[in-house]
Structures are given as C-alpha cells and as structure tokens.
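Since the structure comes first, as structure tokens, the remarks are kept for the end.
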There are 2 protein chains.
Amino acid sequence: MNPKIEKLIKQFAKLPRVGNRAARRIVLGLLQDKTGRIGKLVDALTDANENICPCPVCGVLTDRVREKCEYCSDTARANGMLCLVRDLSDVWVLEKSGVFNGRYHVLGGLLSGVAGITPDDLNLGNLATRISDEKITEIIFALPNTVEGKTTQQYIISMLNNANVNYSELASGVPLGGDLDYIDDGTLSLAFGGRRAL
Amino acid sequence: MNPKIEKLIKQFAKLPRVGNRAARRIVLGLLQDKTGRIGKLVDALTDANENICPCPVCGVLTDRVREKCEYCSDTARANGMLCLVRDLSDVWVLEKSGVFNGRYHVLGGLLSGVAGITPDDLNLGNLATRISDEKITEIIFALPNTVEGKTTQQYIISMLNNANVNYSELASGVPLGGDLDYIDDGTLSLAFGGRRAL
C-alpha cells in the first residue's frame, strides 16, 4: 500500500469508534471524492485546532477570541443553578433536550482508582469561587449513574463542605418506554426505592 | 453548540460509516487530545490530497511524482495476468492475502441500471491497449459475486471481443469454515454445481 495512504489510514484508525477497516473505507472515500471534501475537512480541522479552547470558567470548549463560552456569558442563565457534567458531550445532550437553562461546569472526567484519575485531574479548581461569584444556590449532579459518578459526586460534596448550596442529582428509575423485562436489578431496586405516591 | 465545532462535526458525519453520534465523539476526542493529533491528521490529509492521484495505467491511487503505481512499475509482475477489481480496497485485500502477483486494473465501480452507472463511468478506456502492450494472456475477474459484478464481467468480455486472452473468475462456493446451516441457497446451488471429484 502507498505509504502516504497508509499513514492517513493510521491517523483515522486512532480516532474513537473508528477501526482499521472503517479507516480504510473513510480514506478511500475521501481520496476518490471529487467535491473537495478533504480540503473542507482540513479547513474545519485547522480552524478548530487554532481557535477552540476550554472556557476558563466552566471548561466548555469555545472560541479563543471570546473571554467566556456562550453559556457563561449568557446572563439569562444566571439563575443560581449549576449543572455538573463529566464531558462536553453531556452539555450537548442536555442542551438538545432543553431541560436545563442554568450554567454548566464540565469536570473533564470522573474519579477512578482503576484509571488512576485523581481530584487533581478534574476541573475543580474554581468551583468554590464560582459558587460565591455566581450566587449559585443549587448544584445539580448530572453525572453517569455509575460507581465513578457517585464517588465523584460524594467527593465534591465533601470538598464544598462549607458552601451554602443545595445539592441534587438526576432521578434514577425505569426509562420512558422501558419494559420491566429488560431493566437490570439495580435500576429496578432504585425505581422501587424512589417510588412516588399517586 | 459552538459553530466551529458544529462545522467540524458535520464534516466528519459526511464520511462513510461515520454517523452524527460517532462524529461528535471523534471531534470531542480530537479537541481534548493533548498530543497534537489534529495537527498530524491535518498533515496526513494535506499530504495525501496534494500528492495522491490515480495511476494512469491501472487506476490504483499512487504518488503523483511517480509515473506509474508500484504494481505497474514492478517488472516481476509482468506475468501476463491481469486482475480486474472494482475498487482499490479490493487490491489491498488481494495484496494482503498474497494470492496474486500479476497486474491490476481498477474499474472504479460496476455497471448498474439502478445507480445509473454506465460503461463511460468505468476505467475501461485503456483496457484493450493494456492487453496488447503488456502481453496479457489471462484476465481474472475478481468482482463481487452480484448481479452488477456479473453484468460488468459480461460487458467487458463482449467489449474485448477480439482480444486473444483467456478469461477466468473467482470460484463460488462454501467459504472456509463455513457451516452449511448458515449458507444461503444461491451459494449452496453454486457449490453443488461446481463440485469437485475426489
């Protein structure tokens, strides 16, 4: 195989969710395309690489020219609610659903003994300052419902020990349209424990 | 979502086998990567875009600086055998298996009434010249075992009407390790028709 093509395939195969076979298909598709798709991809990559950086306040990736991201600079969002998420993709999911219109704080990971992720690896440095500066009254943990998620949540609550805020987490239970036959025991037990009176 | 990031996701979502969700993961992975992966990807893409073009003889994608591709310029491959394939990826598969050491000819597609692909869309212009120039004695059709593959094969044989060559096609039958229980009726019928005496 041509070394230039091989190198390109290797770069694509390193991307998340792209294997060797898919990388070959992608590269072949790009090289045989006659609409200049490679050029457009290169332009978009270069633009993002040069002009995107994390918001210094919340960690959401944003334009370097802006001081703050679109969420932190939107005064309509200063409603005292702060939603803690693991990742920027969680912000995208929440924004798409439209269920939340306060501010975000992206942790950039979850505490994990196995993966060796400690509090220093998370975006926690300015969290206490944000709570007082932005007059936060409620912190909503929208973290994965896993051991790592719960551990991180507990750590942050104990870290913010003296902060005068309410804490909440997303409800656990049977998903909409969820058939009990396909729900795991842990979720069922949480759904029973959190049952609502009618 | 940031418009620069959105634009990049759209470019990735256009690639074959990459959907919207995978594109979001890929872009997030790239933007959060600290090892300069975007730069490497941009370099590899630019290099390939500027320096890769189809071999004027066989259609295999190759370096622009070379007159012919690695297969056409390899005199050890001038053994009178010419393998017709649909796509460059088929060349890669055959090269990996090591079953063939002659020359290739990449058609760039298959005749299809549904997709509107006519003989003019295929790389057939220089096929007759190649046969005489390279003293080809056998043409091997390594095309997909489909209606389009067989139609294309028949078209090429009738097109090369006066050429003094032998034609062959890959054998049809039960794949190695194939369980009869999982083989479709068409393949079974071909395997029976082509049974070998022991």
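Residue numbering restarts at 1 in every chain; chains get A, B, ... in the order shown in the structure tokens, and ligands count up from 1 in that same order.
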
Report as a CSV table (one decimal) with N, CA and C atoms, in the first residue's frame the set of chain A residues whose atoms approach chain B to within 9 Å, with distances computed over only C-alpha atoms.
```csv
chain,number,residue,atom,x,y,z
A,1,MET,N,0.8,-1.2,0.0
A,1,MET,CA,0.0,0.0,0.0
A,1,MET,C,0.9,1.3,0.0
A,2,ASN,N,0.4,2.3,-0.7
A,2,ASN,CA,1.2,3.5,-0.7
A,2,ASN,C,1.4,4.1,0.7
A,4,LYS,N,1.9,7.1,1.9
A,4,LYS,CA,1.1,8.3,2.3
A,4,LYS,C,-0.4,7.8,2.7
A,5,ILE,N,-0.9,6.9,1.9
A,5,ILE,CA,-2.3,6.5,2.2
A,5,ILE,C,-2.3,5.7,3.5
A,7,LYS,N,-0.3,6.0,6.0
A,7,LYS,CA,-0.2,7.0,7.1
A,7,LYS,C,-1.5,7.6,7.5
A,8,LEU,N,-2.3,8.0,6.4
A,8,LEU,CA,-3.6,8.6,6.6
A,8,LEU,C,-4.5,7.6,7.3
A,9,ILE,N,-4.5,6.4,6.8
A,9,ILE,CA,-5.4,5.4,7.4
A,9,ILE,C,-5.1,5.2,8.9
A,11,GLN,N,-3.8,7.4,11.0
A,11,GLN,CA,-4.3,8.5,11.7
A,11,GLN,C,-5.8,8.4,12.0
A,12,PHE,N,-6.6,7.9,11.0
A,12,PHE,CA,-8.0,7.8,11.1
A,12,PHE,C,-8.3,6.6,12.1
A,15,LEU,N,-8.8,7.3,15.8
A,15,LEU,CA,-9.9,8.1,16.3
A,15,LEU,C,-10.9,7.2,17.0
A,16,PRO,N,-11.6,7.7,18.1
A,16,PRO,CA,-12.5,6.9,18.8
A,16,PRO,C,-13.6,6.3,17.9
A,17,ARG,N,-14.0,5.1,18.1
A,17,ARG,CA,-15.1,4.4,17.3
A,17,ARG,C,-14.7,4.2,15.9
A,18,VAL,N,-13.5,4.4,15.5
A,18,VAL,CA,-13.1,4.1,14.1
A,18,VAL,C,-12.0,3.0,14.1
A,22,ALA,N,-12.9,0.5,9.0
A,22,ALA,CA,-13.6,1.8,8.7
A,22,ALA,C,-12.7,2.9,8.3
A,24,ARG,N,-10.0,2.5,6.5
A,24,ARG,CA,-9.7,2.3,5.1
A,24,ARG,C,-10.8,2.8,4.2
A,25,ARG,N,-12.1,2.5,4.6
A,25,ARG,CA,-13.2,3.0,3.8
A,25,ARG,C,-13.3,4.5,3.8
A,26,ILE,N,-13.0,5.1,4.9
A,26,ILE,CA,-13.1,6.6,5.0
A,26,ILE,C,-12.0,7.2,4.1
A,27,VAL,N,-10.8,6.7,4.2
A,27,VAL,CA,-9.7,7.3,3.4
A,27,VAL,C,-10.0,7.1,1.9
A,28,LEU,N,-10.4,5.9,1.5
A,28,LEU,CA,-10.7,5.7,0.1
A,28,LEU,C,-11.8,6.6,-0.3
A,29,GLY,N,-12.9,6.8,0.5
A,29,GLY,CA,-14.0,7.7,0.1
A,29,GLY,C,-13.5,9.1,0.0
A,30,LEU,N,-12.6,9.5,0.9
A,30,LEU,CA,-12.1,10.9,0.8
A,30,LEU,C,-11.2,11.1,-0.5
A,31,LEU,N,-10.3,10.1,-0.8
A,31,LEU,CA,-9.4,10.2,-1.9
A,31,LEU,C,-10.1,10.1,-3.2
A,32,GLN,N,-11.2,9.4,-3.3
A,32,GLN,CA,-11.9,9.3,-4.5
A,32,GLN,C,-13.0,10.4,-4.7
A,37,ARG,N,-13.8,17.4,-0.6
A,37,ARG,CA,-14.1,17.1,0.8
A,37,ARG,C,-12.9,17.2,1.7
A,38,ILE,N,-11.7,16.7,1.2
A,38,ILE,CA,-10.5,16.7,2.0
A,38,ILE,C,-10.2,18.1,2.4
A,39,GLY,N,-10.2,19.0,1.4
A,39,GLY,CA,-9.9,20.4,1.7
A,39,GLY,C,-10.8,21.0,2.8
A,40,LYS,N,-12.1,20.7,2.7
A,40,LYS,CA,-13.1,21.2,3.6
A,40,LYS,C,-12.8,20.7,5.0
A,41,LEU,N,-12.5,19.4,5.1
A,41,LEU,CA,-12.2,18.7,6.3
A,41,LEU,C,-10.9,19.4,6.9
A,42,VAL,N,-9.9,19.6,6.1
A,42,VAL,CA,-8.6,20.2,6.6
A,42,VAL,C,-8.9,21.6,7.1
A,43,ASP,N,-9.7,22.3,6.4
A,43,ASP,CA,-10.0,23.7,6.8
A,43,ASP,C,-10.7,23.7,8.2
A,44,ALA,N,-11.8,22.8,8.3
A,44,ALA,CA,-12.5,22.8,9.6
A,44,ALA,C,-11.6,22.3,10.7
A,45,LEU,N,-10.8,21.4,10.5
A,45,LEU,CA,-9.8,20.9,11.5
A,45,LEU,C,-8.9,22.0,11.9
A,46,THR,N,-8.3,22.6,11.0
A,46,THR,CA,-7.3,23.7,11.3
A,46,THR,C,-8.0,24.8,12.0
A,47,ASP,N,-9.1,25.2,11.6
A,47,ASP,CA,-9.9,26.3,12.2
A,47,ASP,C,-10.2,25.9,13.7
A,48,ALA,N,-10.7,24.7,13.9
A,48,ALA,CA,-11.0,24.3,15.3
A,48,ALA,C,-9.7,24.2,16.1
A,49,ASN,N,-8.7,23.6,15.5
A,49,ASN,CA,-7.4,23.4,16.3
A,49,ASN,C,-6.8,24.7,16.7
A,51,ASN,N,-8.5,27.7,17.0
A,51,ASN,CA,-9.4,28.7,17.6
A,51,ASN,C,-10.3,28.2,18.7
A,52,ILE,N,-10.2,27.0,19.0
A,52,ILE,CA,-11.1,26.4,20.1
A,52,ILE,C,-10.2,26.1,21.3
A,53,CYS,N,-10.7,26.6,22.5
A,53,CYS,CA,-10.0,26.2,23.7
A,53,CYS,C,-11.1,26.2,24.8
A,61,LEU,N,-15.7,23.8,25.6
A,61,LEU,CA,-14.8,24.2,24.5
A,61,LEU,C,-15.5,25.3,23.8
A,62,THR,N,-14.8,26.4,23.5
A,62,THR,CA,-15.4,27.6,22.9
A,62,THR,C,-14.3,28.4,22.1
A,63,ASP,N,-14.8,29.4,21.4
A,63,ASP,CA,-13.8,30.3,20.6
A,63,ASP,C,-12.8,30.9,21.5
A,69,CYS,N,-17.4,31.2,27.5
A,69,CYS,CA,-18.2,30.5,26.5
A,69,CYS,C,-19.6,31.1,26.4
A,70,GLU,N,-20.4,30.5,25.4
A,70,GLU,CA,-21.8,31.1,25.2
A,70,GLU,C,-22.7,30.9,26.4
A,88,LEU,N,-18.1,17.5,27.7
A,88,LEU,CA,-18.8,18.4,26.8
A,88,LEU,C,-20.0,17.8,26.1
A,89,SER,N,-19.9,16.5,25.8
A,89,SER,CA,-21.0,15.8,25.1
A,89,SER,C,-22.2,15.8,25.9
A,92,TRP,N,-24.0,19.0,25.4
A,92,TRP,CA,-24.7,18.9,24.2
A,92,TRP,C,-26.1,18.2,24.3
A,95,GLU,N,-28.5,20.3,26.4
A,95,GLU,CA,-28.9,21.5,25.6
A,95,GLU,C,-29.9,21.1,24.5
```

Picked from chain A by DSSP as alpha helix (DSSP H), as a VMD selection string | chain A and resid 3 to 13 20 to 32 37 to 51 88 to 97 127 to 133 147 to 159 185 to 193

What is the atom CA of A:Val65-atom CA of A:His105 distance in Å, reported with one decimal?
-> 20.1 Å

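Those residues in chain B carrying a DSSP assignment of strand (DSSP E or B), computed from the backbone, are Ile52, Cys53, Pro54, Leu61, Thr62, Asp63, Met81, Leu82, Cys83, Leu84, Val85, Arg103, Tyr104, His105, Val106, Ser112, Ile117, Glu138, Ile139, Ile140, Phe141, Asn166, Tyr167, Ser168 and Glu169 of chain B.
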
Atomic distance atom CA of A:Ser132 - atom CA of A:Asn162, expressed in Å with one decimal = 11.3 Å

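Counting from atom CA of A:Gly186, the distance to atom CA of A:Ile139 is 25.0 Å.
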
With a distance cut-off of 7 Å and only C-alpha atoms, select the neighbouring residues of stretch 141-148 of chain B, excluding the residue or stretch itself and same-chain residues fewer than 3 positions from it, and output the selection as a PyMOL selection string.
-> chain B and resi 83-86+110-112+151-153+168-170

Selection export as a tab-separated table (two decimals), in the first residue's frame, atoms kept: N, CA, C and O atoms:
```
chain	number	residue	atom	x	y	z
B	83	CYS	N	-5.70	-8.74	-13.21
B	83	CYS	CA	-6.83	-8.96	-12.32
B	83	CYS	C	-7.72	-7.71	-12.31
B	83	CYS	O	-7.26	-6.63	-11.96
B	84	LEU	N	-8.98	-7.87	-12.70
B	84	LEU	CA	-9.91	-6.75	-12.73
B	84	LEU	C	-10.67	-6.67	-11.41
B	84	LEU	O	-11.32	-7.64	-11.00
B	85	VAL	N	-10.58	-5.52	-10.73
B	85	VAL	CA	-11.28	-5.34	-9.46
B	85	VAL	C	-12.15	-4.09	-9.52
B	85	VAL	O	-11.94	-3.23	-10.39
B	86	ARG	N	-13.08	-4.00	-8.60
B	86	ARG	CA	-13.97	-2.85	-8.59
B	86	ARG	C	-13.29	-1.63	-8.03
B	86	ARG	O	-13.43	-0.52	-8.51
B	110	LEU	N	-19.13	-0.59	-10.77
B	110	LEU	CA	-19.74	-1.69	-11.52
B	110	LEU	C	-20.93	-1.13	-12.26
B	110	LEU	O	-21.59	-0.21	-11.79
B	111	LEU	N	-21.21	-1.69	-13.42
B	111	LEU	CA	-22.39	-1.27	-14.19
B	111	LEU	C	-23.64	-1.47	-13.35
B	111	LEU	O	-23.79	-2.50	-12.69
B	112	SER	N	-24.51	-0.49	-13.35
B	112	SER	CA	-25.72	-0.60	-12.57
B	112	SER	C	-26.80	0.30	-13.15
B	112	SER	O	-26.62	1.53	-13.22
B	151	THR	N	-22.82	-8.65	-14.53
B	151	THR	CA	-23.18	-7.83	-15.70
B	151	THR	C	-21.93	-7.15	-16.24
B	151	THR	O	-21.67	-7.16	-17.45
B	152	THR	N	-21.15	-6.56	-15.34
B	152	THR	CA	-19.93	-5.86	-15.73
B	152	THR	C	-18.96	-6.82	-16.41
B	152	THR	O	-18.36	-6.49	-17.44
B	153	GLN	N	-18.84	-8.00	-15.83
B	153	GLN	CA	-17.96	-9.03	-16.39
B	153	GLN	C	-18.38	-9.37	-17.82
B	153	GLN	O	-17.54	-9.39	-18.74
B	168	SER	N	-11.10	-15.71	-16.69
B	168	SER	CA	-11.47	-16.57	-15.56
B	168	SER	C	-12.14	-15.71	-14.50
B	168	SER	O	-12.03	-14.50	-14.50
B	169	GLU	N	-12.85	-16.38	-13.61
B	169	GLU	CA	-13.47	-15.64	-12.50
B	169	GLU	C	-13.18	-16.42	-11.22
B	169	GLU	O	-12.85	-17.61	-11.27
B	170	LEU	N	-13.30	-15.76	-10.07
B	170	LEU	CA	-13.06	-16.43	-8.80
B	170	LEU	C	-14.11	-17.53	-8.61
B	170	LEU	O	-15.25	-17.39	-9.05
```
